>>> print(open('protein.txt').read())   # compact mmCIF, C-alpha atoms and all ligand atoms
# COMPACT_ATOMS: atom_id res chain seq x y z
CA MET A 19 -44.83 -72.16 -10.83
CA SER A 20 -45.56 -68.43 -11.11
CA LYS A 21 -44.02 -66.31 -13.81
CA CYS A 22 -40.38 -65.44 -13.19
CA VAL A 23 -38.85 -62.21 -11.88
CA CYS A 24 -36.52 -60.58 -14.36
CA ILE A 25 -33.65 -58.21 -13.61
CA ILE A 26 -31.48 -56.26 -16.03
CA GLY A 27 -27.79 -55.89 -15.21
CA GLU A 28 -25.88 -52.78 -16.19
CA ILE A 29 -22.40 -53.06 -17.64
CA ARG A 30 -19.87 -50.25 -17.71
CA GLY A 31 -16.28 -50.57 -18.84
CA GLY A 32 -16.74 -54.32 -19.32
CA LYS A 33 -17.88 -54.85 -15.70
CA LEU A 34 -21.25 -55.35 -14.08
CA LEU A 35 -22.09 -52.41 -11.82
CA ARG A 36 -22.67 -53.16 -8.14
CA SER A 37 -26.27 -51.97 -8.59
CA SER A 38 -26.79 -54.99 -10.87
CA PHE A 39 -26.16 -57.24 -7.87
CA GLU A 40 -28.42 -55.08 -5.74
CA VAL A 41 -31.34 -55.55 -8.14
CA ALA A 42 -30.52 -59.28 -8.33
CA SER A 43 -30.75 -59.44 -4.52
CA ALA A 44 -34.07 -57.56 -4.51
CA GLY A 45 -35.29 -59.83 -7.33
CA ARG A 46 -34.27 -63.00 -5.49
CA THR A 47 -36.30 -61.97 -2.42
CA ILE A 48 -39.41 -61.31 -4.54
CA ALA A 49 -38.93 -64.49 -6.58
CA ASP A 50 -38.76 -66.49 -3.33
CA SER A 51 -42.01 -64.87 -2.12
CA LEU A 52 -43.63 -65.76 -5.45
CA GLY A 53 -42.15 -69.27 -5.45
CA SER A 54 -40.71 -68.55 -8.88
CA SER A 55 -37.33 -68.21 -10.57
CA LEU A 56 -35.02 -65.25 -11.11
CA CYS A 57 -33.80 -64.42 -14.59
CA ALA A 58 -31.00 -61.90 -15.32
CA LEU A 59 -30.58 -60.18 -18.66
CA PHE A 60 -27.65 -58.25 -19.90
CA ALA A 61 -26.54 -56.77 -23.15
CA GLY A 62 -23.06 -55.69 -24.15
CA SER A 63 -19.97 -56.67 -26.09
CA GLY A 64 -17.52 -59.38 -24.96
CA ILE A 65 -19.51 -59.96 -21.77
CA SER A 66 -20.01 -63.73 -21.67
CA GLY A 67 -17.43 -63.98 -18.87
CA LEU A 68 -19.65 -61.95 -16.54
CA THR A 69 -22.23 -64.67 -16.02
CA ALA A 70 -20.36 -66.42 -13.16
CA GLU A 71 -20.32 -63.21 -11.13
CA MET A 72 -24.06 -62.75 -11.59
CA GLU A 73 -24.71 -66.39 -10.69
CA ARG A 74 -23.50 -65.74 -7.12
CA TYR A 75 -26.55 -63.57 -6.44
CA GLY A 76 -29.12 -66.34 -6.61
CA VAL A 77 -29.97 -66.13 -10.30
CA ASP A 78 -31.57 -69.20 -11.93
CA ARG A 79 -31.29 -68.17 -15.56
CA ILE A 80 -29.10 -65.70 -17.40
CA ILE A 81 -29.84 -64.40 -20.87
CA VAL A 82 -26.91 -62.69 -22.56
CA ALA A 83 -27.02 -60.57 -25.70
CA ASP A 84 -23.36 -60.26 -26.68
CA ASP A 85 -22.64 -58.27 -29.82
CA PRO A 86 -20.12 -55.56 -30.80
CA ALA A 87 -23.06 -53.27 -31.64
CA LEU A 88 -23.99 -53.32 -27.93
CA GLU A 89 -20.62 -52.14 -26.61
CA HIS A 90 -22.02 -48.90 -25.13
CA TYR A 91 -25.53 -48.20 -23.94
CA LEU A 92 -27.58 -46.60 -26.66
CA PRO A 93 -31.37 -46.59 -26.70
CA GLU A 94 -31.45 -47.49 -30.41
CA THR A 95 -29.52 -50.70 -29.83
CA HIS A 96 -30.24 -51.81 -26.26
CA VAL A 97 -34.00 -51.18 -26.09
CA PRO A 98 -35.11 -53.53 -28.93
CA VAL A 99 -32.66 -56.24 -27.83
CA LEU A 100 -33.67 -56.15 -24.17
CA ALA A 101 -37.38 -55.80 -24.95
CA ASP A 102 -37.07 -58.95 -27.03
CA ALA A 103 -35.25 -60.75 -24.20
CA ILE A 104 -37.95 -59.70 -21.69
CA ARG A 105 -40.66 -61.04 -23.98
CA ARG A 106 -38.81 -64.38 -24.04
CA CYS A 107 -38.95 -64.53 -20.23
CA ASP A 108 -42.56 -63.34 -19.94
CA PRO A 109 -41.88 -62.15 -16.38
CA ALA A 110 -44.23 -61.11 -13.59
CA LEU A 111 -41.95 -58.17 -12.75
CA VAL A 112 -38.85 -56.46 -14.20
CA ILE A 113 -36.29 -54.68 -11.99
CA LEU A 114 -33.28 -52.64 -13.10
CA PRO A 115 -30.92 -50.11 -11.49
CA ALA A 116 -32.08 -46.48 -11.36
CA THR A 117 -28.81 -45.17 -12.76
CA VAL A 118 -28.87 -42.49 -15.46
CA ASP A 119 -28.82 -45.11 -18.22
CA GLY A 120 -31.10 -47.44 -16.23
CA LYS A 121 -33.82 -44.79 -15.91
CA ASP A 122 -33.57 -43.96 -19.60
CA LEU A 123 -33.80 -47.65 -20.49
CA ALA A 124 -36.67 -48.27 -18.05
CA ALA A 125 -38.87 -45.54 -19.54
CA ARG A 126 -38.29 -46.76 -23.08
CA LEU A 127 -38.86 -50.43 -22.20
CA ALA A 128 -42.06 -49.59 -20.32
CA ALA A 129 -43.43 -47.78 -23.37
CA ARG A 130 -42.44 -50.61 -25.69
CA LEU A 131 -43.76 -53.40 -23.44
CA ASP A 132 -46.81 -51.49 -22.18
CA ALA A 133 -45.58 -52.02 -18.62
CA GLY A 134 -46.41 -49.93 -15.53
CA LEU A 135 -43.28 -47.95 -14.69
CA ALA A 136 -42.06 -46.83 -11.25
CA GLN A 137 -38.72 -45.01 -11.31
CA ASP A 138 -36.09 -44.57 -8.61
CA CYS A 139 -37.76 -46.75 -5.99
CA THR A 140 -36.28 -47.46 -2.60
CA ARG A 141 -38.25 -50.66 -1.83
CA ILE A 142 -40.25 -53.24 -3.67
CA VAL A 143 -42.40 -55.84 -1.93
CA LEU A 144 -45.05 -58.44 -2.69
CA GLU A 145 -48.06 -58.18 -0.35
CA ASP A 146 -51.17 -60.34 -0.69
CA GLY A 147 -50.21 -61.11 -4.26
CA THR A 148 -49.78 -57.42 -5.20
CA PHE A 149 -46.48 -55.77 -6.11
CA ARG A 150 -45.90 -52.53 -4.23
CA ALA A 151 -43.01 -50.11 -4.71
CA GLN A 152 -41.93 -47.26 -2.47
CA ARG A 153 -40.52 -44.08 -3.95
CA PRO A 154 -39.42 -40.77 -2.44
CA ILE A 155 -41.51 -37.72 -3.39
CA PHE A 156 -41.42 -33.98 -2.60
CA ALA A 157 -37.62 -33.89 -2.83
CA GLY A 158 -37.29 -36.85 -0.45
CA LYS A 159 -39.51 -35.41 2.31
CA CYS A 160 -42.16 -38.16 1.99
CA TYR A 161 -42.52 -41.61 0.48
CA SER A 162 -45.35 -42.81 -1.70
CA TRP A 163 -46.37 -46.42 -2.28
CA LEU A 164 -47.40 -47.48 -5.77
CA GLU A 165 -49.17 -50.66 -6.75
CA TRP A 166 -50.15 -52.25 -10.02
CA ALA A 167 -53.52 -53.34 -11.29
CA PRO A 168 -53.91 -57.12 -11.68
CA GLY A 169 -52.41 -58.32 -14.94
CA GLU A 170 -50.21 -55.27 -15.41
CA MET A 171 -46.47 -55.94 -15.56
CA PRO A 172 -44.49 -53.71 -13.17
CA LEU A 173 -41.19 -52.33 -14.40
CA VAL A 174 -39.29 -50.88 -11.47
CA SER A 175 -35.97 -49.04 -11.36
CA VAL A 176 -34.32 -49.26 -7.93
CA ARG A 177 -32.12 -46.50 -6.55
CA PRO A 178 -28.49 -47.64 -6.23
CA ASN A 179 -27.11 -48.24 -2.72
CA VAL A 180 -30.48 -48.81 -1.01
CA THR A 181 -30.46 -52.61 -1.30
CA ASP A 182 -27.88 -54.90 0.27
CA CYS A 183 -26.09 -57.30 -2.08
CA LEU A 184 -27.09 -60.72 -0.79
CA ALA A 185 -25.11 -63.61 -2.22
CA PRO A 186 -26.84 -66.78 -0.98
CA ALA A 187 -24.18 -69.48 -0.56
CA ASP A 188 -26.50 -72.17 -1.90
CA GLY A 189 -24.28 -73.26 -4.77
CA ARG A 190 -27.05 -72.45 -7.23
CA ARG A 191 -26.03 -72.76 -10.88
CA ALA A 192 -27.71 -70.60 -13.44
CA GLU A 193 -28.75 -71.81 -16.84
CA VAL A 194 -26.98 -69.50 -19.31
CA GLU A 195 -28.52 -68.73 -22.68
CA SER A 196 -26.91 -66.57 -25.34
CA ILE A 197 -29.42 -64.96 -27.59
CA PRO A 198 -28.55 -63.87 -31.07
CA VAL A 199 -29.03 -60.16 -31.54
CA ALA A 200 -31.92 -61.05 -33.76
CA VAL A 201 -33.79 -57.79 -33.78
CA PRO A 202 -32.35 -55.51 -36.44
CA VAL A 203 -29.95 -53.10 -34.75
CA PRO A 204 -30.31 -49.78 -36.53
CA ARG A 205 -27.12 -47.93 -37.34
CA SER A 206 -26.91 -45.39 -34.58
CA ARG A 207 -26.08 -41.79 -35.42
CA VAL A 208 -24.42 -41.47 -32.01
CA LYS A 209 -21.15 -43.04 -30.95
CA GLU A 210 -20.03 -43.02 -27.35
CA VAL A 211 -16.37 -42.15 -27.41
CA GLU A 212 -15.36 -42.07 -23.76
CA LEU A 213 -17.13 -42.87 -20.54
CA ASP A 214 -15.20 -41.55 -17.56
CA VAL A 215 -11.93 -39.74 -17.89
CA SER A 216 -11.27 -39.59 -14.15
CA GLY A 217 -11.31 -43.33 -13.47
CA ARG A 218 -13.05 -42.55 -10.14
CA ALA A 219 -16.20 -44.28 -9.00
CA GLY A 220 -19.39 -43.03 -10.71
CA LEU A 221 -21.52 -40.73 -8.53
CA THR A 222 -24.62 -42.89 -8.33
CA GLU A 223 -22.58 -45.99 -7.46
CA ALA A 224 -20.01 -44.47 -5.11
CA ASP A 225 -19.97 -45.39 -1.45
CA ILE A 226 -18.21 -42.12 -0.57
CA ILE A 227 -18.79 -38.75 -2.26
CA VAL A 228 -17.04 -35.46 -1.59
CA SER A 229 -18.98 -32.57 -3.07
CA GLY A 230 -18.06 -28.93 -3.46
CA GLY A 231 -20.23 -25.84 -3.73
CA ARG A 232 -19.92 -22.13 -4.36
CA GLY A 233 -17.69 -21.92 -1.28
CA MET A 234 -14.92 -23.56 -3.34
CA LYS A 235 -14.59 -20.14 -5.05
CA GLU A 236 -13.08 -21.35 -8.36
CA ALA A 237 -12.59 -24.42 -10.56
CA ALA A 238 -8.92 -24.88 -9.67
CA ASN A 239 -9.79 -25.31 -5.98
CA PHE A 240 -11.65 -28.52 -6.81
CA GLY A 241 -8.15 -30.01 -7.08
CA MET A 242 -8.22 -30.09 -3.26
CA LEU A 243 -11.45 -32.08 -3.29
CA GLU A 244 -10.06 -34.43 -5.91
CA GLU A 245 -7.05 -35.07 -3.71
CA LEU A 246 -9.29 -35.93 -0.78
CA ALA A 247 -11.43 -38.10 -3.06
CA ASP A 248 -8.37 -40.01 -4.24
CA VAL A 249 -7.27 -40.70 -0.67
CA LEU A 250 -10.78 -41.85 0.33
CA GLY A 251 -11.51 -43.73 -2.91
CA ALA A 252 -14.48 -41.40 -3.38
CA ALA A 253 -16.33 -39.76 -6.27
CA VAL A 254 -16.48 -35.97 -6.64
CA GLY A 255 -19.84 -34.19 -6.79
CA ALA A 256 -20.90 -30.56 -6.95
CA SER A 257 -23.78 -28.24 -6.16
CA ARG A 258 -25.63 -26.52 -8.97
CA ALA A 259 -23.94 -23.24 -8.08
CA ALA A 260 -20.55 -24.85 -8.78
CA VAL A 261 -21.82 -26.38 -12.03
CA ASP A 262 -23.50 -23.16 -13.19
CA SER A 263 -20.23 -21.34 -12.53
CA GLY A 264 -18.57 -23.72 -15.01
CA TRP A 265 -16.29 -25.24 -12.36
CA ARG A 266 -17.62 -28.78 -12.79
CA PRO A 267 -19.48 -30.63 -15.59
CA HIS A 268 -23.22 -31.09 -15.24
CA ALA A 269 -22.65 -34.83 -14.85
CA ASP A 270 -21.25 -34.05 -11.37
CA GLN A 271 -24.30 -32.13 -10.17
CA VAL A 272 -26.09 -33.59 -7.17
CA GLY A 273 -29.67 -32.57 -6.48
CA GLN A 274 -33.14 -32.15 -7.82
CA THR A 275 -31.98 -31.28 -11.33
CA GLY A 276 -28.80 -33.35 -11.08
CA LYS A 277 -28.16 -36.84 -9.77
CA VAL A 278 -29.79 -38.51 -6.82
CA VAL A 279 -27.09 -40.24 -4.80
CA ASN A 280 -27.21 -42.49 -1.80
CA PRO A 281 -23.66 -43.14 -0.56
CA GLY A 282 -22.59 -44.41 2.83
CA LEU A 283 -20.75 -41.12 3.40
CA TYR A 284 -21.43 -37.71 1.79
CA ILE A 285 -19.03 -34.88 2.58
CA ALA A 286 -20.49 -31.48 1.58
CA VAL A 287 -17.82 -28.79 1.38
CA GLY A 288 -18.81 -25.13 0.98
CA ILE A 289 -22.42 -26.09 0.23
CA SER A 290 -25.21 -24.22 2.01
CA GLY A 291 -27.78 -27.05 1.94
CA ALA A 292 -30.56 -25.66 -0.28
CA ILE A 293 -33.61 -27.92 -0.47
CA GLN A 294 -32.84 -28.72 -4.13
CA HIS A 295 -29.38 -29.99 -3.15
CA LEU A 296 -30.72 -31.99 -0.19
CA ALA A 297 -33.19 -33.65 -2.58
CA GLY A 298 -30.24 -35.37 -4.23
CA MET A 299 -28.22 -36.47 -1.22
CA GLY A 300 -30.48 -36.30 1.85
CA SER A 301 -30.81 -40.08 2.08
CA SER A 302 -27.03 -40.65 2.35
CA ARG A 303 -26.20 -42.82 5.36
CA TYR A 304 -23.81 -40.30 6.96
CA ILE A 305 -23.54 -36.64 6.00
CA VAL A 306 -20.58 -34.49 6.98
CA ALA A 307 -20.76 -30.74 6.31
CA VAL A 308 -17.84 -28.34 6.17
CA ASN A 309 -18.95 -24.71 6.19
CA LYS A 310 -17.67 -21.53 7.77
CA ASP A 311 -21.20 -20.34 8.52
CA PRO A 312 -22.52 -22.08 11.68
CA ASP A 313 -26.10 -21.22 10.60
CA ALA A 314 -25.83 -22.87 7.16
CA PRO A 315 -28.94 -25.07 6.64
CA ILE A 316 -26.75 -28.07 5.72
CA PHE A 317 -25.93 -28.45 9.43
CA GLY A 318 -29.61 -29.24 10.04
CA LYS A 319 -29.20 -32.34 7.89
CA ALA A 320 -25.61 -33.32 8.71
CA ASP A 321 -24.61 -36.04 11.16
CA TYR A 322 -21.27 -34.31 11.71
CA GLY A 323 -20.46 -30.67 11.13
CA VAL A 324 -17.19 -28.81 10.82
CA VAL A 325 -17.48 -25.02 11.23
CA GLU A 326 -14.27 -23.96 9.57
CA ASP A 327 -12.82 -22.25 6.53
CA LEU A 328 -12.62 -25.04 3.98
CA PHE A 329 -9.27 -23.82 2.69
CA GLN A 330 -7.79 -24.41 6.15
CA PHE A 331 -9.66 -27.62 6.75
CA LEU A 332 -9.28 -29.58 3.50
CA PRO A 333 -5.46 -29.88 3.25
CA ALA A 334 -5.14 -30.78 6.94
CA PHE A 335 -7.98 -33.31 6.77
CA THR A 336 -6.60 -34.96 3.61
CA GLU A 337 -3.18 -35.20 5.23
CA GLU A 338 -4.63 -36.81 8.39
CA ILE A 339 -6.57 -39.38 6.36
CA ARG A 340 -3.43 -40.13 4.35
CA LYS A 341 -1.44 -40.73 7.56
CA LEU A 342 -4.22 -42.85 9.02
CA LYS A 343 -4.32 -44.99 5.87
CA SER A 344 -0.57 -45.48 5.87
CA THR A 345 -0.57 -46.64 9.51
CA CYS A 346 -3.72 -48.80 9.23
CA GLY A 347 -2.76 -50.16 5.80
C1 LIG A 401 -35.66 -25.53 -9.89
C2 LIG A 401 -34.34 -25.56 -9.19
C3 LIG A 401 -33.57 -26.70 -9.24
C4 LIG A 401 -32.33 -26.74 -8.58
N1 LIG A 401 -31.58 -27.89 -8.63
C5 LIG A 401 -30.45 -27.94 -7.90
C6 LIG A 401 -29.67 -29.14 -7.87
O1 LIG A 401 -29.97 -30.16 -8.53
N2 LIG A 401 -28.55 -29.17 -7.11
C7 LIG A 401 -28.15 -28.08 -6.38
O2 LIG A 401 -27.10 -28.17 -5.70
N3 LIG A 401 -28.87 -26.94 -6.42
C8 LIG A 401 -29.97 -26.84 -7.18
N4 LIG A 401 -30.65 -25.66 -7.24
C9 LIG A 401 -30.00 -24.45 -6.68
C10 LIG A 401 -30.16 -24.32 -5.18
O3 LIG A 401 -31.36 -23.63 -4.89
C11 LIG A 401 -28.98 -23.51 -4.60
O4 LIG A 401 -28.90 -22.26 -5.27
C12 LIG A 401 -27.63 -24.21 -4.75
O5 LIG A 401 -27.73 -25.52 -4.26
C13 LIG A 401 -26.60 -23.43 -3.93
O6 LIG A 401 -25.35 -24.01 -4.12
P1 LIG A 401 -24.25 -23.84 -3.01
O7 LIG A 401 -24.73 -24.41 -1.71
O8 LIG A 401 -22.98 -24.36 -3.57
O9 LIG A 401 -24.07 -22.26 -2.94
P2 LIG A 401 -24.48 -21.23 -1.80
O10 LIG A 401 -25.89 -21.38 -1.41
O11 LIG A 401 -24.00 -19.91 -2.25
O12 LIG A 401 -23.60 -21.72 -0.55
C14 LIG A 401 -22.20 -21.61 -0.47
C15 LIG A 401 -21.81 -21.98 0.94
O13 LIG A 401 -20.40 -22.01 1.02
C16 LIG A 401 -20.03 -21.51 2.30
N5 LIG A 401 -18.68 -20.99 2.21
C17 LIG A 401 -18.23 -19.95 1.49
N6 LIG A 401 -16.90 -19.80 1.61
C18 LIG A 401 -16.49 -20.80 2.44
C19 LIG A 401 -15.22 -21.17 2.98
N7 LIG A 401 -14.12 -20.52 2.65
N8 LIG A 401 -15.19 -22.21 3.83
C20 LIG A 401 -16.29 -22.91 4.18
N9 LIG A 401 -17.52 -22.59 3.71
C21 LIG A 401 -17.62 -21.55 2.85
C22 LIG A 401 -21.05 -20.43 2.61
O14 LIG A 401 -21.16 -20.22 4.01
C23 LIG A 401 -22.32 -21.03 2.00
O15 LIG A 401 -23.07 -21.76 2.97
C24 LIG A 401 -31.87 -25.59 -7.89
C25 LIG A 401 -32.67 -24.44 -7.84
C26 LIG A 401 -33.88 -24.43 -8.48
C27 LIG A 401 -34.71 -23.19 -8.41
>>> encode(input="protein.txt", output="C-alpha cells", more="lines below")
Ligand SMILES: Cc1cc2nc3c(=O)[nH]c(=O)nc-3n(C[C@H](O)[C@H](O)[C@H](O)COP(=O)(O)OP(=O)(O)OC[C@H]3O[C@@H](n4cnc5c(N)ncnc54)[C@H](O)[C@@H]3O)c2cc1C
Amino acid sequence: MSKCVCIIGEIRGGKLLRSSFEVASAGRTIADSLGSSLCALFAGSGISGLTAEMERYGVDRIIVADDPALEHYLPETHVPVLADAIRRCDPALVILPATVDGKDLAARLAARLDAGLAQDCTRIVLEDGTFRAQRPIFAGKCYSWLEWAPGEMPLVSVRPNVTDCLAPADGRRAEVESIPVAVPVPRSRVKEVELDVSGRAGLTEADIIVSGGRGMKEAANFGMLEELADVLGAAVGASRAAVDSGWRPHADQVGQTGKVVNPGLYIAVGISGAIQHLAGMGSSRYIVAVNKDPDAPIFGKADYGVVEDLFQFLPAFTEEIRKLKSTCG
C-alpha cells in the first residue's frame, strides 16, 4: 500500500472546526486515488472525545496529542508536537485548513519537515501519480497549478469553505492512538487569554458574512450590522477603510491585507468594491451589495445589488428577516 495521506484538524474552543472535516474529505478522496489510508492528527487539551466526530469523515487512523500545554495554538508548542506526529505517519501528503492559525502552522511545519508548501489552495488532485494543487493568484483573478518533484512531500493548506464535507456512511472505524507529548514543550512567553469575545462564527469559517465599509460612517453604526448578523447567524467583517478608521479590529478586515473568506453569502454594506477588498471575498458563492452609488464597482461583482442609503435599508431589512424567521421557524 502507498504511503498514507495525513490531515491536521484544527480545534477552537474545544471543538473541531468545520474546515477540519473539509480537509478530511479532500484527504479521503486523494487517499482513495492512491489506494492508501487517511490519518488525522490533532493537538489540544481535553480533546480525546473529538475522535468520534472525525471518524465520520472516512478517517482510518487518528493520532491525538492531548496535553494541557496544547490548550491554545502556539507555534512553540504545536509545531514540534505535530511535526513529530507527522514523522510517525510518514505520509505522502499533508493537508490542513488555510485558516490564520493553519497557514502559520503550515509554513512552520514545511520548514521543519523540509516539505514543499502550497498555501490557501482551492483544489488538490492526484494526476498520473503527481500531486497538483490549484491556488488563486493576482488577487483571485487567475489560478495557478503547482506540482511537486518526485520524492518531495507536499504540505497543502486548503481554503475553508471550498470543499464539501463528505461523510461516507461506510461504518469505517478509525484506529485511535494517543501520543505522549514527548517532544519537550518549551515554556511559552505568550499566553492566549481569550479567543472570541463576540461568540459569533469566525470570519474564515462563516457561511454568511455581513461586512461594513467607510459608508458606515462611524464605529457605533456597526451595531446595525451586528444586529443583522445575529438574526442571520453571520460573522461581521469590514473593509480596510473601516479598520483604518478604528471602527473595527484588524481581525475583521477582509481583503488582500486582511482575511480571505469564502462564505455562501457575503453582504457588503457601504463598501465600494476596491480590487484589494474583492481579493478577499470575490470567490464567495453569492454576493449582495448595498450602496447608494449605482456606479460603485462592487455592483460589477455582486449577484444582487441594492441601490439605497444603508441607514434606511439595514433596519428595514433586519426587521423583515426577523419576521421571516419567526414565521418559518
Ligand atoms: C496594498 C493595499 C492593500 C489593501 N488591502 C485592503 C484589504 O485587505 N481590504 C480592503 O477592504 N481594502 C484594502 N485596501 C484599501 C482599498 O484600496 C480601499 O481603499 C478600501 O477597500 C475602501 O474601503 P471602502 O470600500 O469601505 O471605502 P470607500 O472606497 O470609501 O467606499 C465607501 C462606499 O460607501 C458608499 N456609501 C457611503 N455612504 C453610504 C450610505 N449612506 N449608504 C450606502 N452606501 C454608502 C459609497 O458610495 C462608497 O461606495 C488596500 C489598499 C492597498 C493599497
>>> closest_residue(input="protein.txt", among="A:Ser175, A:Thr148, A:Ser162, A:Gln274", to="ligand LIG 401 (chain A)", atoms="all atoms listed in the file")
A:Gln274
>>> residues_near_ligand(input="protein.txt", ligand="ligand LIG 401 (chain A)", cutoff="7 Å", atoms="all atoms listed in the file", output="VMD selection string")
chain A and resid 230 to 234 256 to 260 271 to 276 287 to 295 298 308 to 311 314 326 to 329
>>> residues_around(input="protein.txt", residues="Glu89 of chain A", least_positions_apart="6", cutoff="9 Å", atoms="only C-alpha atoms", output="list in words")
Gly32, Ala61, Gly62, Ser63 and Gly64 of chain A
>>> closest_residue(input="protein.txt", among="A:Ile197, A:Met72, A:Leu52, A:Val118", to="Val143 of chain A", atoms="only C-alpha atoms")
A:Leu52
>>> closest_residue(input="protein.txt", among="A:Ala238, A:Leu127, A:Glu337, A:Tyr284", to="Ile316 of chain A", atoms="all atoms listed in the file")
A:Tyr284
>>> closest_residue(input="protein.txt", among="A:Cys24, A:Val324, A:Val279, A:Leu144", to="Asp108 of chain A", atoms="all atoms listed in the file")
A:Cys24
>>> residues_around(input="protein.txt", residues="Gly323 of chain A", least_positions_apart="5", cutoff="7 Å", atoms="only C-alpha atoms", output="PyMOL selection string")
chain A and resi 306-308+317
>>> write_last_selection(input="protein.txt", atoms="C-alpha atoms", output="compact mmCIF listing (two decimals), in the frame of the given file")
# COMPACT_ATOMS: atom_id res chain seq x y z
CA VAL A 306 -20.58 -34.49 6.98
CA ALA A 307 -20.76 -30.74 6.31
CA VAL A 308 -17.84 -28.34 6.17
CA PHE A 317 -25.93 -28.45 9.43
>>> closest_residue(input="protein.txt", among="A:Ala44, A:Ala269, A:Ala157, A:Cys57", to="Val180 of chain A", atoms="only C-alpha atoms")
A:Ala44
>>> build_atoms(input="protein.txt", residues="segment 280-300 of chain A", atoms="N, CA and C atoms", output="PDB file, in the coordinates of the input")
ATOM      1  N   ASN A 280     -26.848 -41.870  -3.072  1.00  0.00           N
ATOM      2  CA  ASN A 280     -27.210 -42.490  -1.800  1.00  0.00           C
ATOM      3  C   ASN A 280     -25.992 -43.184  -1.199  1.00  0.00           C
ATOM      4  N   PRO A 281     -24.879 -42.469  -1.029  1.00  0.00           N
ATOM      5  CA  PRO A 281     -23.660 -43.140  -0.560  1.00  0.00           C
ATOM      6  C   PRO A 281     -23.693 -43.428   0.936  1.00  0.00           C
ATOM      7  N   GLY A 282     -22.723 -44.194   1.399  1.00  0.00           N
ATOM      8  CA  GLY A 282     -22.590 -44.410   2.830  1.00  0.00           C
ATOM      9  C   GLY A 282     -22.121 -43.137   3.520  1.00  0.00           C
ATOM     10  N   LEU A 283     -21.297 -42.352   2.827  1.00  0.00           N
ATOM     11  CA  LEU A 283     -20.750 -41.120   3.400  1.00  0.00           C
ATOM     12  C   LEU A 283     -20.772 -40.006   2.347  1.00  0.00           C
ATOM     13  N   TYR A 284     -21.385 -38.869   2.695  1.00  0.00           N
ATOM     14  CA  TYR A 284     -21.430 -37.710   1.790  1.00  0.00           C
ATOM     15  C   TYR A 284     -20.795 -36.538   2.512  1.00  0.00           C
ATOM     16  N   ILE A 285     -19.712 -36.011   1.958  1.00  0.00           N
ATOM     17  CA  ILE A 285     -19.030 -34.880   2.580  1.00  0.00           C
ATOM     18  C   ILE A 285     -19.322 -33.632   1.738  1.00  0.00           C
ATOM     19  N   ALA A 286     -20.081 -32.703   2.308  1.00  0.00           N
ATOM     20  CA  ALA A 286     -20.490 -31.480   1.580  1.00  0.00           C
ATOM     21  C   ALA A 286     -19.574 -30.345   2.009  1.00  0.00           C
ATOM     22  N   VAL A 287     -18.829 -29.805   1.064  1.00  0.00           N
ATOM     23  CA  VAL A 287     -17.820 -28.790   1.380  1.00  0.00           C
ATOM     24  C   VAL A 287     -18.209 -27.459   0.721  1.00  0.00           C
ATOM     25  N   GLY A 288     -18.440 -26.436   1.530  1.00  0.00           N
ATOM     26  CA  GLY A 288     -18.810 -25.130   0.980  1.00  0.00           C
ATOM     27  C   GLY A 288     -20.137 -25.172   0.257  1.00  0.00           C
ATOM     28  N   ILE A 289     -21.059 -25.959   0.797  1.00  0.00           N
ATOM     29  CA  ILE A 289     -22.420 -26.090   0.230  1.00  0.00           C
ATOM     30  C   ILE A 289     -23.392 -25.664   1.322  1.00  0.00           C
ATOM     31  N   SER A 290     -24.347 -24.780   0.966  1.00  0.00           N
ATOM     32  CA  SER A 290     -25.210 -24.220   2.010  1.00  0.00           C
ATOM     33  C   SER A 290     -26.287 -25.197   2.478  1.00  0.00           C
ATOM     34  N   GLY A 291     -26.736 -26.095   1.562  1.00  0.00           N
ATOM     35  CA  GLY A 291     -27.780 -27.050   1.940  1.00  0.00           C
ATOM     36  C   GLY A 291     -29.160 -26.598   1.503  1.00  0.00           C
ATOM     37  N   ALA A 292     -29.251 -26.033   0.285  1.00  0.00           N
ATOM     38  CA  ALA A 292     -30.560 -25.660  -0.280  1.00  0.00           C
ATOM     39  C   ALA A 292     -31.386 -26.933  -0.460  1.00  0.00           C
ATOM     40  N   ILE A 293     -32.705 -26.770  -0.391  1.00  0.00           N
ATOM     41  CA  ILE A 293     -33.610 -27.920  -0.470  1.00  0.00           C
ATOM     42  C   ILE A 293     -33.378 -28.735  -1.750  1.00  0.00           C
ATOM     43  N   GLN A 294     -33.046 -28.009  -2.855  1.00  0.00           N
ATOM     44  CA  GLN A 294     -32.840 -28.720  -4.130  1.00  0.00           C
ATOM     45  C   GLN A 294     -31.563 -29.562  -4.090  1.00  0.00           C
ATOM     46  N   HIS A 295     -30.597 -29.158  -3.284  1.00  0.00           N
ATOM     47  CA  HIS A 295     -29.380 -29.990  -3.150  1.00  0.00           C
ATOM     48  C   HIS A 295     -29.689 -31.181  -2.235  1.00  0.00           C
ATOM     49  N   LEU A 296     -30.393 -30.905  -1.135  1.00  0.00           N
ATOM     50  CA  LEU A 296     -30.720 -31.990  -0.190  1.00  0.00           C
ATOM     51  C   LEU A 296     -31.549 -33.078  -0.874  1.00  0.00           C
ATOM     52  N   ALA A 297     -32.357 -32.666  -1.880  1.00  0.00           N
ATOM     53  CA  ALA A 297     -33.190 -33.650  -2.580  1.00  0.00           C
ATOM     54  C   ALA A 297     -32.341 -34.729  -3.238  1.00  0.00           C
ATOM     55  N   GLY A 298     -31.088 -34.400  -3.536  1.00  0.00           N
ATOM     56  CA  GLY A 298     -30.240 -35.370  -4.230  1.00  0.00           C
ATOM     57  C   GLY A 298     -29.347 -36.181  -3.323  1.00  0.00           C
ATOM     58  N   MET A 299     -29.176 -35.742  -2.061  1.00  0.00           N
ATOM     59  CA  MET A 299     -28.220 -36.470  -1.220  1.00  0.00           C
ATOM     60  C   MET A 299     -28.711 -36.714   0.209  1.00  0.00           C
ATOM     61  N   GLY A 300     -29.956 -36.258   0.479  1.00  0.00           N
ATOM     62  CA  GLY A 300     -30.480 -36.300   1.850  1.00  0.00           C
ATOM     63  C   GLY A 300     -30.610 -37.699   2.416  1.00  0.00           C
TER      64      GLY A 300
END
